[in-house]
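Visitor: Before I ask anything, here is the structure I am working with.
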Amino acid sequence: MEGAMGFLKSFLAVYQDERFFLVGVCSTLLSVGAFLAFALPWTWVAYKNPESLRRYRVQGRDFPIKHWLWPSLGRLAINSLLSFLGLVLAWPFARHVSGIHMGALPPWYVMVAQIAFFIVLDDFLYYWMHRTLHTPWLYKHVHSVHHRITIPFALTGNYMHAVEFVATSTLVLIGPSLVGAHVVTLWAWIIFRQFEAADGHCGYDVPWNPGLLVPFYKGSAYHDFHHRRFFGNYAGFFAYLDKLFGGTYSKGYEEYRRAHQHGAPPEPQPQPQPQPQPEP
């Protein structure tokens, strides 16, 4: 009995580590809060559909706000809880392999360089994970949940199967763990990643998008085309992976971009909704 109690105390002591609170609890809350902070304003814009912004809509059809609002919030809550529980279970092992620390804050340029590395690494890993999710079995049982959304708005950015949500969340932690990032750098990266999740699904392609300050970032229209076509444009941030591997770069996106640059209305004409199909 004493041995069992001693083991239990040792096990619980693992979670009294300040790093667990900062990396596990605070990062989870920050992730949800940051996503909502970016997604809710754009969702409100999509709901109100102001005439002054209609020229910047990627698609010309109405946003299905009423149909997907509460399911999106519910998925976000449940998936975030499941992801946190997964981290709780993995923490006894993860705390030994993760280099994330709470020491002296690094210089700003080190933080910027690390976040740039996280973006490139995450985009590479996400591209291949996304393509894998389009194989028939995984598409049918996992990724098709996210593709129920054919006209995205910002809050649908985290509407996905729990398996996909946990996998995506895990990718976010790989870069910071590899380089031994400061926890503040991790938090800055999480905020940026959730900005991308909301921005990539917001449905508006505005020229003042702050994400366009990131070199080669494609913005919301790039991923929106993936939701419309169900194939191609798998990368999250950049287009080079789709161009380099397997010819998965959507030509429709280039047609849209050329028209948009020349001042043509960005919205395509309404068209029948295709049924989601897995990658061949």
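Chain labels follow the order of the structure tokens: the first chain is A, the next B, and so on; residue numbering restarts at 1 in every chain, and ligands are counted from 1 in their shown order.
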Just the residues within 7 Å of range 11-28 of chain A, please, counting only C-alpha atoms, with nothing from its chain fewer than 6 positions along; format it as a list in words.

Guide: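 In the requested form, the answer reads Phe84, Leu87, Pro92, Val183 and Trp187 of chain A.
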
Visitor: Using the selection just defined, write its residues with C-alpha atoms as a tab-separated table (two decimals), in the first residue's frame.

Guide:
```
chain	number	residue	atom	x	y	z
A	84	PHE	CA	-5.13	18.87	-23.52
A	87	LEU	CA	-0.84	16.27	-23.44
A	92	PRO	CA	5.64	12.25	-18.16
A	183	VAL	CA	7.96	29.49	-23.49
A	187	TRP	CA	3.28	31.46	-27.11
```

Visitor: Just the residues within 9 Å of Phe118 in chain A, please, counting only C-alpha atoms, with nothing from its chain fewer than 2 positions along; format it as a PyMOL selection string.

Guide: chain A and resi 113-116+120-123+172-176+189

Visitor: Please, which residues of range 30-267 of chain A, numbered as in this document, come out helix (DSSP H, G or I) from DSSP, as a PyMOL selection string?

Guide: chain A and resi 30-48+51-56+65-97+108-133+136-141+143-148+154-158+162-179+183-199+210-213+220-229+240-244+251-261

Visitor: Which residue gives the smallest distance to Leu76 in chain A among A:Val206, A:Leu40, A:Leu244, A:Val32, with only C-alpha atoms counted?

Guide: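 Of A:Val206, A:Leu40, A:Leu244, A:Val32, the one nearest Leu76 in chain A is A:Val32, counting only C-alpha atoms.
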
Visitor: Closest to Gly60 in chain A among A:Ile151, A:Ala235, A:Ala197, A:Ala162, using only C-alpha atoms?

Guide: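 Result for the nearest residue to Gly60 in chain A: A:Ile151.
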
Visitor: Mind checking which residues fall within 10 Å of Ser80 in chain A, counting only C-alpha atoms, ignoring those fewer than 2 positions away in the same chain, and posting them as a list in words?

Guide: Thr28, Leu29, Ser31, Val32, Gly74, Arg75, Leu76, Ala77, Ile78, Leu82, Ser83, Phe84, Leu85, Gly86, Asn158, Ala162, Phe165, Val166 and Ser169 of chain A

Visitor: Please build the interface table for range 128-170 of chain A against range 41-56 of chain A with a cut-off of 9 Å, listing for each qualifying residue the nearest atom pair and the distance in Å to one decimal; count only C-alpha atoms, order rows by chain and increasing number, and write it as JSON lines.

Guide:
```
{"residue": "A:Phe153", "atom": "CA", "partner": "A:Thr43", "partner_atom": "CA", "distance": 6.1}
{"residue": "A:Ala154", "atom": "CA", "partner": "A:Thr43", "partner_atom": "CA", "distance": 5.6}
{"residue": "A:Leu155", "atom": "CA", "partner": "A:Thr43", "partner_atom": "CA", "distance": 6.3}
```

Visitor: Find, counting only C-alpha atoms, the residue in A:Leu30, A:Gly99, A:Phe38, A:Leu73 that gets nearest to Gly180 in chain A.

Guide: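 Selected residue with least distance to Gly180 in chain A: A:Gly99.
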
Visitor: Determine, counting only C-alpha atoms, which protein, DNA and RNA residues have an atom within 12 Å of an atom of Ala221 in chain A; residues of the same chain fewer than 6 positions away are not included. Present the result as an NGL selection string.

Guide: :A and (56-59 or 151-153 or 199-207 or 209 or 227-228 or 233 or 236-237 or 239 or 250 or 252-257 or 260 or 266-267)

Visitor: With N, CA and C atoms retained, could you export that selection as an mmCIF file, in the first residue's frame?

Guide:
```
data_model
loop_
_atom_site.group_PDB
_atom_site.id
_atom_site.type_symbol
_atom_site.label_atom_id
_atom_site.label_comp_id
_atom_site.auth_asym_id
_atom_site.auth_seq_id
_atom_site.Cartn_x
_atom_site.Cartn_y
_atom_site.Cartn_z
ATOM 1 N N TYR A 56 -14.116 41.883 -51.741
ATOM 2 C CA TYR A 56 -12.965 41.110 -51.275
ATOM 3 C C TYR A 56 -13.325 39.668 -50.922
ATOM 4 N N ARG A 57 -14.582 39.299 -51.080
ATOM 5 C CA ARG A 57 -14.964 37.919 -50.779
ATOM 6 C C ARG A 57 -14.364 36.979 -51.811
ATOM 7 N N VAL A 58 -13.888 35.839 -51.346
ATOM 8 C CA VAL A 58 -13.284 34.864 -52.255
ATOM 9 C C VAL A 58 -14.366 34.151 -53.047
ATOM 10 N N GLN A 59 -15.478 33.801 -52.402
ATOM 11 C CA GLN A 59 -16.586 33.148 -53.080
ATOM 12 C C GLN A 59 -17.795 34.081 -53.065
ATOM 13 N N ILE A 151 -17.809 26.492 -47.977
ATOM 14 C CA ILE A 151 -17.722 27.957 -48.006
ATOM 15 C C ILE A 151 -17.221 28.385 -46.628
ATOM 16 N N PRO A 152 -15.916 28.404 -46.429
ATOM 17 C CA PRO A 152 -15.384 28.640 -45.086
ATOM 18 C C PRO A 152 -15.644 30.057 -44.588
ATOM 19 N N PHE A 153 -15.815 30.171 -43.293
ATOM 20 C CA PHE A 153 -15.693 31.453 -42.592
ATOM 21 C C PHE A 153 -14.775 31.199 -41.400
ATOM 22 N N ASP A 199 -7.350 33.142 -40.481
ATOM 23 C CA ASP A 199 -7.194 33.889 -41.727
ATOM 24 C C ASP A 199 -7.403 32.992 -42.944
ATOM 25 N N GLY A 200 -6.898 31.768 -42.884
ATOM 26 C CA GLY A 200 -7.017 30.859 -44.015
ATOM 27 C C GLY A 200 -8.436 30.433 -44.314
ATOM 28 N N HIS A 201 -9.350 30.667 -43.362
ATOM 29 C CA HIS A 201 -10.744 30.273 -43.548
ATOM 30 C C HIS A 201 -11.704 31.456 -43.507
ATOM 31 N N CYS A 202 -11.183 32.688 -43.462
ATOM 32 C CA CYS A 202 -12.063 33.841 -43.218
ATOM 33 C C CYS A 202 -12.964 34.160 -44.402
ATOM 34 N N GLY A 203 -12.584 33.740 -45.616
ATOM 35 C CA GLY A 203 -13.427 33.977 -46.779
ATOM 36 C C GLY A 203 -13.245 35.325 -47.434
ATOM 37 N N TYR A 204 -12.338 36.137 -46.908
ATOM 38 C CA TYR A 204 -12.065 37.466 -47.463
ATOM 39 C C TYR A 204 -10.589 37.574 -47.830
ATOM 40 N N ASP A 205 -10.331 38.156 -48.977
ATOM 41 C CA ASP A 205 -8.957 38.343 -49.456
ATOM 42 C C ASP A 205 -8.670 39.839 -49.508
ATOM 43 N N VAL A 206 -8.384 40.420 -48.350
ATOM 44 C CA VAL A 206 -8.219 41.871 -48.259
ATOM 45 C C VAL A 206 -6.753 42.254 -48.444
ATOM 46 N N PRO A 207 -6.473 43.375 -49.092
ATOM 47 C CA PRO A 207 -5.083 43.764 -49.356
ATOM 48 C C PRO A 207 -4.333 44.212 -48.110
ATOM 49 N N ASN A 209 -4.309 42.657 -45.248
ATOM 50 C CA ASN A 209 -4.095 41.498 -44.374
ATOM 51 C C ASN A 209 -2.680 41.541 -43.793
ATOM 52 N N HIS A 227 -10.954 24.119 -50.219
ATOM 53 C CA HIS A 227 -12.283 23.739 -49.739
ATOM 54 C C HIS A 227 -13.277 23.641 -50.888
ATOM 55 N N ARG A 228 -13.071 24.408 -51.939
ATOM 56 C CA ARG A 228 -13.978 24.361 -53.083
ATOM 57 C C ARG A 228 -13.679 23.187 -53.998
ATOM 58 N N ASN A 233 -3.583 22.570 -53.370
ATOM 59 C CA ASN A 233 -3.357 23.630 -52.376
ATOM 60 C C ASN A 233 -3.351 23.065 -50.952
ATOM 61 N N GLY A 236 -0.152 25.028 -45.909
ATOM 62 C CA GLY A 236 -0.835 25.986 -45.069
ATOM 63 C C GLY A 236 -0.381 27.416 -45.281
ATOM 64 N N PHE A 237 0.929 27.625 -45.450
ATOM 65 C CA PHE A 237 1.475 28.978 -45.545
ATOM 66 C C PHE A 237 1.922 29.340 -46.959
ATOM 67 N N ALA A 239 3.214 28.288 -51.194
ATOM 68 C CA ALA A 239 2.771 27.517 -52.356
ATOM 69 C C ALA A 239 3.855 26.606 -52.921
ATOM 70 N N SER A 250 -3.245 24.435 -57.346
ATOM 71 C CA SER A 250 -4.502 24.665 -58.044
ATOM 72 C C SER A 250 -4.368 25.779 -59.080
ATOM 73 N N GLY A 252 -6.814 27.022 -60.630
ATOM 74 C CA GLY A 252 -7.927 27.929 -60.391
ATOM 75 C C GLY A 252 -7.538 29.089 -59.505
ATOM 76 N N TYR A 253 -6.613 28.833 -58.591
ATOM 77 C CA TYR A 253 -6.142 29.912 -57.724
ATOM 78 C C TYR A 253 -5.416 30.965 -58.544
ATOM 79 N N GLU A 254 -4.589 30.540 -59.502
ATOM 80 C CA GLU A 254 -3.863 31.493 -60.344
ATOM 81 C C GLU A 254 -4.834 32.321 -61.178
ATOM 82 N N GLU A 255 -5.884 31.701 -61.694
ATOM 83 C CA GLU A 255 -6.881 32.434 -62.466
ATOM 84 C C GLU A 255 -7.565 33.489 -61.597
ATOM 85 N N TYR A 256 -7.895 33.083 -60.373
ATOM 86 C CA TYR A 256 -8.500 34.042 -59.448
ATOM 87 C C TYR A 256 -7.541 35.186 -59.158
ATOM 88 N N ARG A 257 -6.282 34.858 -58.894
ATOM 89 C CA ARG A 257 -5.302 35.883 -58.531
ATOM 90 C C ARG A 257 -5.098 36.873 -59.674
ATOM 91 N N HIS A 260 -8.134 39.101 -59.874
ATOM 92 C CA HIS A 260 -8.191 40.005 -58.729
ATOM 93 C C HIS A 260 -7.191 41.144 -58.894
ATOM 94 N N PRO A 266 -13.821 39.557 -57.488
ATOM 95 C CA PRO A 266 -13.174 38.328 -57.056
ATOM 96 C C PRO A 266 -14.112 37.158 -56.894
ATOM 97 N N GLU A 267 -15.425 37.428 -56.745
ATOM 98 C CA GLU A 267 -16.332 36.323 -56.485
ATOM 99 C C GLU A 267 -16.643 35.571 -57.773
#
```

Visitor: Report, in Å to a single decimal, how far apart CA of Tyr249 in chain A and CA of Gly232 in chain A are.

Guide: 5.4 Å

Visitor: Mind pulling up the distance from CA of Leu178 in chain A to CA of Lys218 in chain A?

Guide: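 These atoms are spaced 26.4 Å apart.
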
Visitor: CA of His161 in chain A and CA of Asp224 in chain A are how many Å apart?

Guide: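 CA of His161 in chain A sits 18.8 Å away from CA of Asp224 in chain A.
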
Visitor: Mind checking DSSP for range 47-265 of chain A and telling me the strand (DSSP E or B) residues as a PyMOL selection string?

Guide: chain A and resi 57+101+182+204
